[in-house]
>>> print(open('model_7.pdb').read())   # PDB, C-alpha atoms, pLDDT in the B column
MODEL        1
ATOM      1  CA  PHE O   1     -32.739  52.228 -48.793  1.00 35.00           C
ATOM      2  CA  LEU O   2     -35.993  54.117 -48.252  1.00 42.00           C
ATOM      3  CA  MET O   3     -34.467  57.587 -48.452  1.00 44.00           C
ATOM      4  CA  ARG O   4     -32.307  56.803 -51.529  1.00 45.00           C
ATOM      5  CA  VAL O   5     -29.540  59.125 -50.244  1.00 47.00           C
ATOM      6  CA  GLY O   6     -27.498  60.766 -53.015  1.00 47.00           C
ATOM      7  CA  ASP O   7     -29.887  59.735 -55.808  1.00 47.00           C
ATOM      8  CA  ASP O   8     -30.153  62.695 -58.191  1.00 47.00           C
ATOM      9  CA  SER O   9     -32.501  60.946 -60.620  1.00 45.00           C
ATOM     10  CA  ASN O  10     -35.550  62.905 -61.729  1.00 47.00           C
ATOM     11  CA  ASP O  11     -37.654  59.701 -61.785  1.00 48.00           C
ATOM     12  CA  THR O  12     -40.363  59.401 -59.160  1.00 44.00           C
ATOM     13  CA  THR O  13     -39.507  56.731 -56.573  1.00 43.00           C
ATOM     14  CA  ALA O  14     -41.613  54.752 -54.136  1.00 40.00           C
ATOM     15  CA  ALA O  15     -39.938  56.571 -51.271  1.00 40.00           C
ATOM     16  CA  GLU O  16     -40.988  59.926 -52.645  1.00 44.00           C
ATOM     17  CA  THR O  17     -44.661  58.889 -52.859  1.00 42.00           C
ATOM     18  CA  THR O  18     -44.667  57.251 -49.424  1.00 42.00           C
ATOM     19  CA  SER O  19     -46.110  59.387 -46.660  1.00 41.00           C
ATOM     20  CA  GLU O  20     -43.896  60.527 -43.835  1.00 44.00           C
ATOM     21  CA  SER O  21     -45.952  58.542 -41.297  1.00 42.00           C
ATOM     22  CA  ALA O  22     -45.481  55.347 -43.302  1.00 41.00           C
ATOM     23  CA  VAL O  23     -41.713  55.806 -43.266  1.00 39.00           C
ATOM     24  CA  GLU O  24     -41.801  56.302 -39.503  1.00 43.00           C
ATOM     25  CA  SER O  25     -43.945  53.187 -39.048  1.00 42.00           C
ATOM     26  CA  SER O  26     -41.580  51.093 -41.162  1.00 42.00           C
ATOM     27  CA  THR O  27     -38.605  52.342 -39.176  1.00 42.00           C
ATOM     28  CA  ALA O  28     -40.305  51.645 -35.817  1.00 43.00           C
ATOM     29  CA  ALA O  29     -41.301  48.132 -36.854  1.00 42.00           C
ATOM     30  CA  SER O  30     -37.690  46.932 -36.603  1.00 42.00           C
ATOM     31  CA  SER O  31     -35.377  47.353 -33.632  1.00 43.00           C
ATOM     32  CA  THR O  32     -32.354  47.583 -35.979  1.00 42.00           C
ATOM     33  CA  PRO O  33     -31.901  49.605 -39.176  1.00 44.00           C
ATOM     34  CA  ALA O  34     -32.102  47.794 -42.499  1.00 42.00           C
ATOM     35  CA  THR O  35     -28.630  46.963 -43.837  1.00 40.00           C
ATOM     36  CA  SER O  36     -29.531  45.329 -47.137  1.00 38.00           C
ATOM     37  CA  GLY O  37     -32.405  44.773 -49.550  1.00 40.00           C
ATOM     38  CA  THR O  38     -33.168  41.406 -47.985  1.00 39.00           C
ATOM     39  CA  ASP O  39     -33.813  43.092 -44.647  1.00 42.00           C
ATOM     40  CA  ALA O  40     -36.422  45.457 -46.032  1.00 41.00           C
ATOM     41  CA  PRO O  41     -39.419  43.074 -46.282  1.00 43.00           C
ATOM     42  CA  GLN O  42     -39.161  41.980 -42.634  1.00 42.00           C
ATOM     43  CA  PRO O  43     -41.501  44.618 -41.125  1.00 41.00           C
ATOM     44  CA  SER O  44     -44.291  43.792 -43.587  1.00 39.00           C
ATOM     45  CA  GLU O  45     -43.837  40.045 -42.955  1.00 39.00           C
ATOM     46  CA  GLU O  46     -44.186  40.581 -39.224  1.00 39.00           C
ATOM     47  CA  SER O  47     -47.273  42.704 -39.795  1.00 38.00           C
ATOM     48  CA  GLY O  48     -48.774  40.034 -42.014  1.00 40.00           C
ATOM     49  CA  ALA O  49     -48.250  37.393 -39.349  1.00 39.00           C
ATOM     50  CA  LYS O  50     -50.037  39.510 -36.788  1.00 37.00           C
ATOM     51  CA  ASP O  51     -52.944  40.174 -39.130  1.00 39.00           C
ATOM     52  CA  SER O  52     -53.423  36.495 -39.925  1.00 37.00           C
ATOM     53  CA  SER O  53     -53.483  35.526 -36.247  1.00 36.00           C
ATOM     54  CA  SER O  54     -55.856  38.259 -35.078  1.00 36.00           C
ATOM     55  CA  PRO O  55     -59.169  36.458 -35.895  1.00 37.00           C
ATOM     56  CA  ALA O  56     -58.184  33.482 -33.746  1.00 38.00           C
ATOM     57  CA  SER O  57     -57.565  35.700 -30.731  1.00 35.00           C
ATOM     58  CA  THR O  58     -61.146  37.013 -30.836  1.00 36.00           C
ATOM     59  CA  SER O  59     -62.748  33.563 -30.856  1.00 38.00           C
ATOM     60  CA  THR O  60     -62.971  32.251 -27.295  1.00 49.00           C
ATOM     61  CA  VAL O  61     -66.116  30.115 -27.368  1.00 54.00           C
ATOM     62  CA  GLU O  62     -66.652  26.888 -29.251  1.00 71.00           C
ATOM     63  CA  LEU O  63     -70.319  26.066 -29.810  1.00 81.00           C
ATOM     64  CA  ALA O  64     -71.012  22.349 -29.961  1.00 84.00           C
ATOM     65  CA  PRO O  65     -72.576  21.130 -33.231  1.00 93.00           C
ATOM     66  CA  ASN O  66     -75.094  19.200 -31.076  1.00 96.00           C
ATOM     67  CA  THR O  67     -76.510  20.535 -27.791  1.00 96.00           C
ATOM     68  CA  LEU O  68     -78.992  18.826 -25.479  1.00 97.00           C
ATOM     69  CA  LEU O  69     -80.655  21.184 -22.989  1.00 97.00           C
ATOM     70  CA  LEU O  70     -81.715  19.313 -19.837  1.00 97.00           C
ATOM     71  CA  VAL O  71     -83.941  21.433 -17.600  1.00 97.00           C
ATOM     72  CA  ASP O  72     -84.902  20.819 -13.979  1.00 96.00           C
ATOM     73  CA  THR O  73     -88.667  21.325 -13.652  1.00 96.00           C
ATOM     74  CA  SER O  74     -88.981  20.140 -10.061  1.00 96.00           C
ATOM     75  CA  ALA O  75     -90.925  22.142  -7.482  1.00 96.00           C
ATOM     76  CA  ASN O  76     -87.588  23.715  -6.455  1.00 95.00           C
ATOM     77  CA  MET O  77     -87.453  25.519  -9.792  1.00 94.00           C
ATOM     78  CA  THR O  78     -90.848  27.249  -9.526  1.00 94.00           C
ATOM     79  CA  ALA O  79     -89.649  30.680  -8.386  1.00 92.00           C
ATOM     80  CA  MET O  80     -86.847  30.809 -10.956  1.00 92.00           C
ATOM     81  CA  PHE O  81     -88.481  29.169 -13.918  1.00 94.00           C
ATOM     82  CA  ASP O  82     -89.505  32.330 -15.793  1.00 93.00           C
ATOM     83  CA  ALA O  83     -85.940  33.644 -15.754  1.00 93.00           C
ATOM     84  CA  THR O  84     -84.567  30.217 -16.682  1.00 94.00           C
ATOM     85  CA  GLN O  85     -87.059  29.850 -19.526  1.00 94.00           C
ATOM     86  CA  GLN O  86     -86.167  33.239 -21.018  1.00 94.00           C
ATOM     87  CA  ALA O  87     -82.439  32.588 -20.722  1.00 93.00           C
ATOM     88  CA  LEU O  88     -82.627  29.151 -22.336  1.00 94.00           C
ATOM     89  CA  SER O  89     -84.834  30.460 -25.143  1.00 94.00           C
ATOM     90  CA  GLY O  90     -82.182  33.040 -25.965  1.00 93.00           C
ATOM     91  CA  THR O  91     -79.406  30.465 -25.810  1.00 92.00           C
ATOM     92  CA  ALA O  92     -81.329  28.082 -28.070  1.00 93.00           C
ATOM     93  CA  GLY O  93     -81.721  30.892 -30.593  1.00 92.00           C
ATOM     94  CA  LYS O  94     -77.972  31.544 -30.621  1.00 91.00           C
ATOM     95  CA  LEU O  95     -77.240  27.847 -31.038  1.00 91.00           C
ATOM     96  CA  SER O  96     -79.698  27.673 -33.901  1.00 88.00           C
ATOM     97  CA  GLN O  97     -78.057  30.646 -35.606  1.00 88.00           C
ATOM     98  CA  SER O  98     -74.723  28.814 -35.426  1.00 86.00           C
ATOM     99  CA  ASN O  99     -76.350  25.753 -37.096  1.00 87.00           C
ATOM    100  CA  SER O 100     -76.102  23.681 -33.933  1.00 90.00           C
ATOM    101  CA  GLN O 101     -78.641  20.894 -33.584  1.00 95.00           C
ATOM    102  CA  VAL O 102     -80.633  21.451 -30.361  1.00 96.00           C
ATOM    103  CA  ALA O 103     -82.604  18.970 -28.260  1.00 97.00           C
ATOM    104  CA  LEU O 104     -84.712  19.751 -25.164  1.00 97.00           C
ATOM    105  CA  TRP O 105     -85.486  17.520 -22.186  1.00 97.00           C
ATOM    106  CA  ASN O 106     -87.006  18.298 -18.804  1.00 97.00           C
ATOM    107  CA  TYR O 107     -86.858  16.285 -15.615  1.00 96.00           C
ATOM    108  CA  SER O 108     -87.979  16.071 -12.022  1.00 95.00           C
ATOM    109  CA  SER O 109     -89.281  12.774 -10.695  1.00 91.00           C
ATOM    110  CA  PRO O 110     -92.075  10.504 -11.930  1.00 86.00           C
ATOM    111  CA  ILE O 111     -95.261  12.534 -11.372  1.00 81.00           C
ATOM    112  CA  SER O 112     -97.814  10.233 -12.923  1.00 79.00           C
ATOM    113  CA  GLU O 113     -98.689   6.587 -12.395  1.00 77.00           C
ATOM    114  CA  ALA O 114     -97.620   5.723 -15.924  1.00 79.00           C
ATOM    115  CA  ALA O 115     -94.159   7.314 -15.597  1.00 81.00           C
ATOM    116  CA  THR O 116     -91.230   5.104 -14.659  1.00 84.00           C
ATOM    117  CA  VAL O 117     -88.454   7.713 -14.958  1.00 90.00           C
ATOM    118  CA  GLY O 118     -88.302  11.386 -14.092  1.00 92.00           C
ATOM    119  CA  TYR O 119     -86.849  12.694 -17.371  1.00 94.00           C
ATOM    120  CA  ARG O 120     -88.801  13.414 -20.560  1.00 94.00           C
ATOM    121  CA  ASP O 121     -87.559  13.707 -24.138  1.00 94.00           C
ATOM    122  CA  ASN O 122     -89.561  16.716 -25.339  1.00 95.00           C
ATOM    123  CA  LEU O 123     -87.704  17.703 -28.500  1.00 96.00           C
ATOM    124  CA  GLY O 124     -85.241  15.602 -30.442  1.00 96.00           C
ATOM    125  CA  PHE O 125     -82.213  17.141 -32.139  1.00 97.00           C
ATOM    126  CA  GLY O 126     -83.327  19.769 -34.626  1.00 95.00           C
ATOM    127  CA  ASN O 127     -83.010  23.457 -35.456  1.00 93.00           C
ATOM    128  CA  GLY O 128     -84.191  24.606 -32.003  1.00 92.00           C
ATOM    129  CA  ALA O 129     -87.025  26.780 -33.307  1.00 92.00           C
ATOM    130  CA  ALA O 130     -89.603  25.062 -31.087  1.00 94.00           C
ATOM    131  CA  VAL O 131     -87.582  25.420 -27.856  1.00 95.00           C
ATOM    132  CA  PRO O 132     -89.150  28.690 -26.566  1.00 95.00           C
ATOM    133  CA  GLU O 133     -92.736  27.506 -27.102  1.00 95.00           C
ATOM    134  CA  THR O 134     -92.019  24.105 -25.538  1.00 96.00           C
ATOM    135  CA  LEU O 135     -90.334  25.674 -22.508  1.00 95.00           C
ATOM    136  CA  ALA O 136     -93.317  27.977 -22.003  1.00 94.00           C
ATOM    137  CA  ALA O 137     -95.609  24.955 -21.733  1.00 94.00           C
ATOM    138  CA  PHE O 138     -93.635  23.313 -18.902  1.00 94.00           C
ATOM    139  CA  GLY O 139     -94.998  23.151 -15.380  1.00 93.00           C
ATOM    140  CA  THR O 140     -93.067  22.388 -12.206  1.00 94.00           C
ATOM    141  CA  GLY O 141     -93.459  19.645  -9.627  1.00 94.00           C
ATOM    142  CA  GLY O 142     -91.756  16.675  -8.019  1.00 93.00           C
ATOM    143  CA  VAL O 143     -88.158  16.486  -6.839  1.00 95.00           C
ATOM    144  CA  PRO O 144     -84.954  16.851  -8.880  1.00 96.00           C
ATOM    145  CA  GLN O 145     -83.672  13.394  -9.760  1.00 95.00           C
ATOM    146  CA  SER O 146     -80.717  14.977 -11.505  1.00 96.00           C
ATOM    147  CA  ARG O 147     -78.290  12.075 -11.640  1.00 96.00           C
ATOM    148  CA  SER O 148     -80.393   9.572 -13.568  1.00 95.00           C
ATOM    149  CA  ALA O 149     -81.526  12.336 -15.952  1.00 96.00           C
ATOM    150  CA  THR O 150     -77.934  13.407 -16.571  1.00 97.00           C
ATOM    151  CA  ILE O 151     -76.786   9.889 -17.432  1.00 96.00           C
ATOM    152  CA  ALA O 152     -79.713   9.339 -19.801  1.00 96.00           C
ATOM    153  CA  ALA O 153     -79.019  12.668 -21.524  1.00 97.00           C
ATOM    154  CA  LEU O 154     -75.298  11.932 -21.860  1.00 97.00           C
ATOM    155  CA  ASN O 155     -76.020   8.559 -23.446  1.00 96.00           C
ATOM    156  CA  THR O 156     -78.389  10.183 -25.944  1.00 97.00           C
ATOM    157  CA  ALA O 157     -75.795  12.864 -26.699  1.00 96.00           C
ATOM    158  CA  ALA O 158     -73.202  10.134 -27.271  1.00 95.00           C
ATOM    159  CA  ASP O 159     -75.495   8.458 -29.807  1.00 95.00           C
ATOM    160  CA  GLN O 160     -75.982  11.817 -31.563  1.00 96.00           C
ATOM    161  CA  ALA O 161     -72.228  12.452 -31.631  1.00 95.00           C
ATOM    162  CA  ALA O 162     -71.578   9.019 -33.095  1.00 95.00           C
ATOM    163  CA  GLY O 163     -74.352   9.390 -35.671  1.00 95.00           C
ATOM    164  CA  THR O 164     -73.209  12.809 -36.874  1.00 95.00           C
ATOM    165  CA  ASN O 165     -69.487  12.346 -36.274  1.00 95.00           C
ATOM    166  CA  GLN O 166     -69.542  15.693 -34.467  1.00 95.00           C
ATOM    167  CA  LYS O 167     -69.182  16.727 -30.845  1.00 94.00           C
ATOM    168  CA  ALA O 168     -72.169  16.983 -28.519  1.00 95.00           C
ATOM    169  CA  ARG O 169     -72.730  18.846 -25.270  1.00 95.00           C
ATOM    170  CA  VAL O 170     -75.302  18.313 -22.533  1.00 97.00           C
ATOM    171  CA  VAL O 171     -76.263  21.484 -20.652  1.00 96.00           C
ATOM    172  CA  ILE O 172     -78.116  20.669 -17.436  1.00 97.00           C
ATOM    173  CA  VAL O 173     -79.860  23.423 -15.483  1.00 97.00           C
ATOM    174  CA  THR O 174     -80.414  22.104 -11.984  1.00 96.00           C
ATOM    175  CA  THR O 175     -81.556  23.217  -8.533  1.00 96.00           C
ATOM    176  CA  GLY O 176     -79.776  20.330  -6.818  1.00 95.00           C
ATOM    177  CA  THR O 177     -80.135  16.579  -6.497  1.00 94.00           C
ATOM    178  CA  GLU O 178     -82.539  14.263  -4.753  1.00 90.00           C
ATOM    179  CA  LEU O 179     -80.267  11.238  -4.514  1.00 79.00           C
ATOM    180  CA  ASP O 180     -81.649   8.731  -7.012  1.00 87.00           C
ATOM    181  CA  MET O 181     -78.213   7.151  -7.612  1.00 91.00           C
ATOM    182  CA  ASP O 182     -75.543   6.553  -4.985  1.00 90.00           C
ATOM    183  CA  GLU O 183     -72.049   7.990  -5.283  1.00 92.00           C
ATOM    184  CA  ALA O 184     -70.331   4.887  -6.664  1.00 93.00           C
ATOM    185  CA  GLN O 185     -73.096   4.116  -9.146  1.00 93.00           C
ATOM    186  CA  PHE O 186     -73.178   7.690 -10.404  1.00 94.00           C
ATOM    187  CA  ALA O 187     -69.380   7.926 -10.731  1.00 92.00           C
ATOM    188  CA  ALA O 188     -69.241   4.731 -12.789  1.00 93.00           C
ATOM    189  CA  ALA O 189     -72.134   5.846 -14.993  1.00 93.00           C
ATOM    190  CA  LEU O 190     -70.498   9.242 -15.625  1.00 92.00           C
ATOM    191  CA  ASP O 191     -67.203   7.639 -16.622  1.00 89.00           C
ATOM    192  CA  SER O 192     -69.022   5.348 -19.017  1.00 88.00           C
ATOM    193  CA  ALA O 193     -71.221   8.043 -20.579  1.00 88.00           C
ATOM    194  CA  LYS O 194     -68.667  10.806 -21.122  1.00 85.00           C
ATOM    195  CA  SER O 195     -66.058  10.777 -23.871  1.00 85.00           C
ATOM    196  CA  ASP O 196     -63.919  13.114 -25.947  1.00 87.00           C
ATOM    197  CA  ASN O 197     -66.947  13.790 -28.148  1.00 92.00           C
ATOM    198  CA  VAL O 198     -69.435  14.413 -25.315  1.00 94.00           C
ATOM    199  CA  GLU O 199     -69.135  17.259 -22.813  1.00 94.00           C
ATOM    200  CA  LEU O 200     -71.201  18.149 -19.767  1.00 96.00           C
ATOM    201  CA  SER O 201     -71.960  21.713 -18.667  1.00 95.00           C
ATOM    202  CA  VAL O 202     -73.792  22.281 -15.376  1.00 97.00           C
ATOM    203  CA  VAL O 203     -75.678  25.431 -14.369  1.00 96.00           C
ATOM    204  CA  HIS O 204     -76.800  25.368 -10.731  1.00 96.00           C
ATOM    205  CA  VAL O 205     -79.603  27.835 -10.028  1.00 95.00           C
ATOM    206  CA  GLY O 206     -81.120  28.883  -6.725  1.00 93.00           C
ATOM    207  CA  PRO O 207     -80.075  28.469  -3.095  1.00 93.00           C
ATOM    208  CA  GLY O 208     -80.207  24.656  -2.937  1.00 93.00           C
ATOM    209  CA  ALA O 209     -77.176  22.523  -2.117  1.00 94.00           C
ATOM    210  CA  VAL O 210     -74.858  21.853  -5.042  1.00 95.00           C
ATOM    211  CA  ASP O 211     -74.405  18.211  -6.044  1.00 95.00           C
ATOM    212  CA  GLU O 212     -70.622  18.156  -5.641  1.00 95.00           C
ATOM    213  CA  GLN O 213     -70.203  14.950  -7.608  1.00 94.00           C
ATOM    214  CA  LEU O 214     -72.150  16.374 -10.534  1.00 95.00           C
ATOM    215  CA  LYS O 215     -70.097  19.577 -10.302  1.00 95.00           C
ATOM    216  CA  ASN O 216     -66.796  17.675 -10.242  1.00 94.00           C
ATOM    217  CA  GLY O 217     -67.859  15.556 -13.208  1.00 93.00           C
ATOM    218  CA  ALA O 218     -68.726  18.591 -15.337  1.00 95.00           C
ATOM    219  CA  ASP O 219     -66.470  20.081 -17.971  1.00 93.00           C
ATOM    220  CA  ASN O 220     -67.962  23.490 -17.110  1.00 93.00           C
ATOM    221  CA  PHE O 221     -69.808  24.608 -13.977  1.00 95.00           C
ATOM    222  CA  THR O 222     -71.684  27.871 -13.357  1.00 93.00           C
ATOM    223  CA  SER O 223     -73.857  28.939 -10.440  1.00 91.00           C
ATOM    224  CA  VAL O 224     -76.443  31.720 -10.246  1.00 90.00           C
ATOM    225  CA  ASP O 225     -78.674  32.440  -7.261  1.00 84.00           C
ATOM    226  CA  ALA O 226     -81.446  35.044  -7.251  1.00 72.00           C
ATOM    227  CA  GLY O 227     -79.674  37.155  -9.865  1.00 76.00           C
ATOM    228  CA  THR O 228     -81.089  39.429 -12.528  1.00 88.00           C
ATOM    229  CA  GLN O 229     -82.337  38.199 -15.896  1.00 90.00           C
ATOM    230  CA  GLU O 230     -78.976  39.248 -17.330  1.00 90.00           C
ATOM    231  CA  ASP O 231     -77.226  36.994 -14.787  1.00 89.00           C
ATOM    232  CA  PHE O 232     -79.326  34.028 -15.887  1.00 91.00           C
ATOM    233  CA  ASN O 233     -78.706  34.823 -19.544  1.00 88.00           C
ATOM    234  CA  ALA O 234     -74.950  35.001 -19.005  1.00 89.00           C
ATOM    235  CA  ALA O 235     -74.894  31.725 -17.065  1.00 89.00           C
ATOM    236  CA  MET O 236     -76.766  29.832 -19.807  1.00 90.00           C
ATOM    237  CA  ASP O 237     -74.637  31.309 -22.569  1.00 88.00           C
ATOM    238  CA  LYS O 238     -71.457  30.437 -20.692  1.00 88.00           C
ATOM    239  CA  ALA O 239     -72.600  26.837 -20.289  1.00 87.00           C
TER     240      ALA O 239
ENDMDL
END
>>> encode(input="model_7.pdb", output="structure tokens")
Amino acid sequence: FLMRVGDDSNDTTAAETTSESAVESSTAASSTPATSGTDAPQPSEESGAKDSSSPASTSTVELAPNTLLLVDTSANMTAMFDATQQALSGTAGKLSQSNSQVALWNYSSPISEAATVGYRDNLGFGNGAAVPETLAAFGTGGVPQSRSATIAALNTAADQAAGTNQKARVVIVTTGTELDMDEAQFAAALDSAKSDNVELSVVHVGPGAVDEQLKNGADNFTSVDAGTQEDFNAAMDKA
């Protein structure tokens, strides 16, 4: 069909204006030679299918429309806080660029007489622009009461997901857990707080013992101990 064998017409044909490499590509695209005019379009159809699917294959990360960053600011975090702060600032910027709503909490344990819980709602859901400045103002102290902070953050994320009708993710950066909730209580609270619209990502930093129940309850878990700034950045972005 392409070569038009035996055609002595003087008219210019598509085959005559097609480059030699294009003819070879068309021939290689099919394992069998074309036997009729209906067979000819098949290579281009296959090529079109591959082209239309290629963007999906390059997209491997789904950014949540709503992200709550929950940061351990206990005394255990002191040596790693600068690296954590820089990494989270970069992550918040990327979330903001993707139009994700970003909230920021920190937690340790109650460190003043007026405090009754260890977690603090620093920034509500917004464009995330104030995250770097707010992180820079944090100090460290107390012990990591991670479980109660996680449940409170998940419940807030669930309210945000319901209010926006979009998924939410809690990203907790933790050095470990000072047991403020027992195993059974924490398991029941996790089951109640999580849903299809609310995910939990856990980043464990430093040499402290991992809270295995928190790890097992997470949709994503990453650990980084005494790594470079790039290691911290990658861990936060992955979460």
>>> closest_residue(input="model_7.pdb", among="O:Leu154, O:Leu88, O:Val170, O:Ala115", to="O:Glu133", atoms="only C-alpha atoms")
O:Leu88
>>> resolve_selection(input="model_7.pdb", expression="the PyMOL selection byres ((chain O and resi 91) around 10)", output="PyMOL selection string")
chain O and resi 69+85-90+92-97+128+131-132+233-239
>>> atom_distance(input="model_7.pdb", atom1="atom CA of O:Ala137", atom2="atom CA of O:Phe232")
19.5 Å
>>> resolve_selection(input="model_7.pdb", expression="the PyMOL selection byres ((chain O and resi 66) around 8)", output="number ranges by chain")
O: 64-65, 67-68, 100-102, 125, 157, 160-161, 166-169
>>> write_last_selection(input="model_7.pdb", atoms="C-alpha atoms", output="PDB file, in the frame of the given file")
ATOM      1  CA  ALA O  64     -71.012  22.349 -29.961  1.00 84.00           C
ATOM      2  CA  PRO O  65     -72.576  21.130 -33.231  1.00 93.00           C
ATOM      3  CA  THR O  67     -76.510  20.535 -27.791  1.00 96.00           C
ATOM      4  CA  LEU O  68     -78.992  18.826 -25.479  1.00 97.00           C
ATOM      5  CA  SER O 100     -76.102  23.681 -33.933  1.00 90.00           C
ATOM      6  CA  GLN O 101     -78.641  20.894 -33.584  1.00 95.00           C
ATOM      7  CA  VAL O 102     -80.633  21.451 -30.361  1.00 96.00           C
ATOM      8  CA  PHE O 125     -82.213  17.141 -32.139  1.00 97.00           C
ATOM      9  CA  ALA O 157     -75.795  12.864 -26.699  1.00 96.00           C
ATOM     10  CA  GLN O 160     -75.982  11.817 -31.563  1.00 96.00           C
ATOM     11  CA  ALA O 161     -72.228  12.452 -31.631  1.00 95.00           C
ATOM     12  CA  GLN O 166     -69.542  15.693 -34.467  1.00 95.00           C
ATOM     13  CA  LYS O 167     -69.182  16.727 -30.845  1.00 94.00           C
ATOM     14  CA  ALA O 168     -72.169  16.983 -28.519  1.00 95.00           C
ATOM     15  CA  ARG O 169     -72.730  18.846 -25.270  1.00 95.00           C
TER      16      ARG O 169
END
>>> resolve_selection(input="model_7.pdb", expression="the PyMOL selection byres ((chain O and resi 213) around 10)", output="VMD selection string")
chain O and resid 147 183 186 to 187 190 210 to 212 214 to 218
>>> residues_near_point(input="model_7.pdb", point="(-83.9, 13.6, -6.9)", cutoff="12 Å", atoms="all atoms listed in the file", output="ChimeraX atom specification")
/O:72-76,107-110,117-119,141-150,174-182,211
>>> atom_distance(input="model_7.pdb", atom1="atom CA of O:Val198", atom2="atom CA of O:Leu104")
16.2 Å
>>> closest_residue(input="model_7.pdb", among="O:Asn220, O:Ser98, O:Ser112, O:Asn122", to="O:Ala153", atoms="only C-alpha atoms")
O:Asn122
>>> residues_near_point(input="model_7.pdb", point="(-79.8, 29.8, -8.1)", cutoff="12 Å", atoms="only C-alpha atoms", output="number ranges by chain")
O: 72, 76-81, 83-84, 173-176, 203-210, 222-229, 231-232, 235
>>> atom_distance(input="model_7.pdb", atom1="atom CA of O:Thr164", atom2="atom CA of O:Asp219")
21.3 Å
>>> closest_residue(input="model_7.pdb", among="O:Asn106, O:Thr156, O:Ser192, O:Asn197", to="O:Ala136", atoms="only C-alpha atoms")
O:Asn106
>>> closest_residue(input="model_7.pdb", among="O:Arg120, O:Asp159, O:Gly139, O:Ile172", to="O:Ser201", atoms="all atoms listed in the file")
O:Ile172
>>> build_atoms(input="model_7.pdb", residues="stretch 125-136 of chain O", atoms="N, CA, C and O atoms", output="PDB file, keeping the file's coordinate frame")
ATOM      1  N   PHE O 125     -83.160  16.225 -31.534  1.00 97.00           N
ATOM      2  CA  PHE O 125     -82.213  17.141 -32.139  1.00 97.00           C
ATOM      3  C   PHE O 125     -82.785  17.729 -33.430  1.00 97.00           C
ATOM      4  O   PHE O 125     -83.218  17.004 -34.324  1.00 97.00           O
ATOM      5  N   GLY O 126     -82.796  19.058 -33.477  1.00 95.00           N
ATOM      6  CA  GLY O 126     -83.327  19.769 -34.626  1.00 95.00           C
ATOM      7  C   GLY O 126     -82.815  21.198 -34.620  1.00 95.00           C
ATOM      8  O   GLY O 126     -81.835  21.519 -33.932  1.00 95.00           O
ATOM      9  N   ASN O 127     -83.504  22.080 -35.316  1.00 93.00           N
ATOM     10  CA  ASN O 127     -83.010  23.457 -35.456  1.00 93.00           C
ATOM     11  C   ASN O 127     -83.283  24.345 -34.242  1.00 93.00           C
ATOM     12  O   ASN O 127     -82.853  25.494 -34.202  1.00 93.00           O
ATOM     13  N   GLY O 128     -83.990  23.857 -33.246  1.00 92.00           N
ATOM     14  CA  GLY O 128     -84.191  24.606 -32.003  1.00 92.00           C
ATOM     15  C   GLY O 128     -85.301  25.634 -32.047  1.00 92.00           C
ATOM     16  O   GLY O 128     -85.558  26.311 -31.050  1.00 92.00           O
ATOM     17  N   ALA O 129     -85.997  25.740 -33.179  1.00 92.00           N
ATOM     18  CA  ALA O 129     -87.025  26.780 -33.307  1.00 92.00           C
ATOM     19  C   ALA O 129     -88.180  26.591 -32.328  1.00 92.00           C
ATOM     20  O   ALA O 129     -88.811  27.563 -31.905  1.00 92.00           O
ATOM     21  N   ALA O 130     -88.462  25.341 -31.959  1.00 94.00           N
ATOM     22  CA  ALA O 130     -89.603  25.062 -31.087  1.00 94.00           C
ATOM     23  C   ALA O 130     -89.254  25.135 -29.603  1.00 94.00           C
ATOM     24  O   ALA O 130     -90.131  24.952 -28.753  1.00 94.00           O
ATOM     25  N   VAL O 131     -87.994  25.419 -29.265  1.00 95.00           N
ATOM     26  CA  VAL O 131     -87.582  25.420 -27.856  1.00 95.00           C
ATOM     27  C   VAL O 131     -88.345  26.444 -27.022  1.00 95.00           C
ATOM     28  O   VAL O 131     -88.869  26.100 -25.948  1.00 95.00           O
ATOM     29  N   PRO O 132     -88.454  27.716 -27.424  1.00 95.00           N
ATOM     30  CA  PRO O 132     -89.150  28.690 -26.566  1.00 95.00           C
ATOM     31  C   PRO O 132     -90.594  28.301 -26.278  1.00 95.00           C
ATOM     32  O   PRO O 132     -91.052  28.391 -25.127  1.00 95.00           O
ATOM     33  N   GLU O 133     -91.329  27.879 -27.295  1.00 95.00           N
ATOM     34  CA  GLU O 133     -92.736  27.506 -27.102  1.00 95.00           C
ATOM     35  C   GLU O 133     -92.869  26.293 -26.199  1.00 95.00           C
ATOM     36  O   GLU O 133     -93.766  26.214 -25.343  1.00 95.00           O
ATOM     37  N   THR O 134     -91.975  25.316 -26.362  1.00 96.00           N
ATOM     38  CA  THR O 134     -92.019  24.105 -25.538  1.00 96.00           C
ATOM     39  C   THR O 134     -91.692  24.427 -24.086  1.00 96.00           C
ATOM     40  O   THR O 134     -92.343  23.926 -23.160  1.00 96.00           O
ATOM     41  N   LEU O 135     -90.681  25.262 -23.877  1.00 95.00           N
ATOM     42  CA  LEU O 135     -90.334  25.674 -22.508  1.00 95.00           C
ATOM     43  C   LEU O 135     -91.500  26.376 -21.826  1.00 95.00           C
ATOM     44  O   LEU O 135     -91.771  26.148 -20.634  1.00 95.00           O
ATOM     45  N   ALA O 136     -92.211  27.217 -22.573  1.00 94.00           N
ATOM     46  CA  ALA O 136     -93.317  27.977 -22.003  1.00 94.00           C
ATOM     47  C   ALA O 136     -94.452  27.083 -21.541  1.00 94.00           C
ATOM     48  O   ALA O 136     -95.252  27.475 -20.682  1.00 94.00           O
TER      49      ALA O 136
END
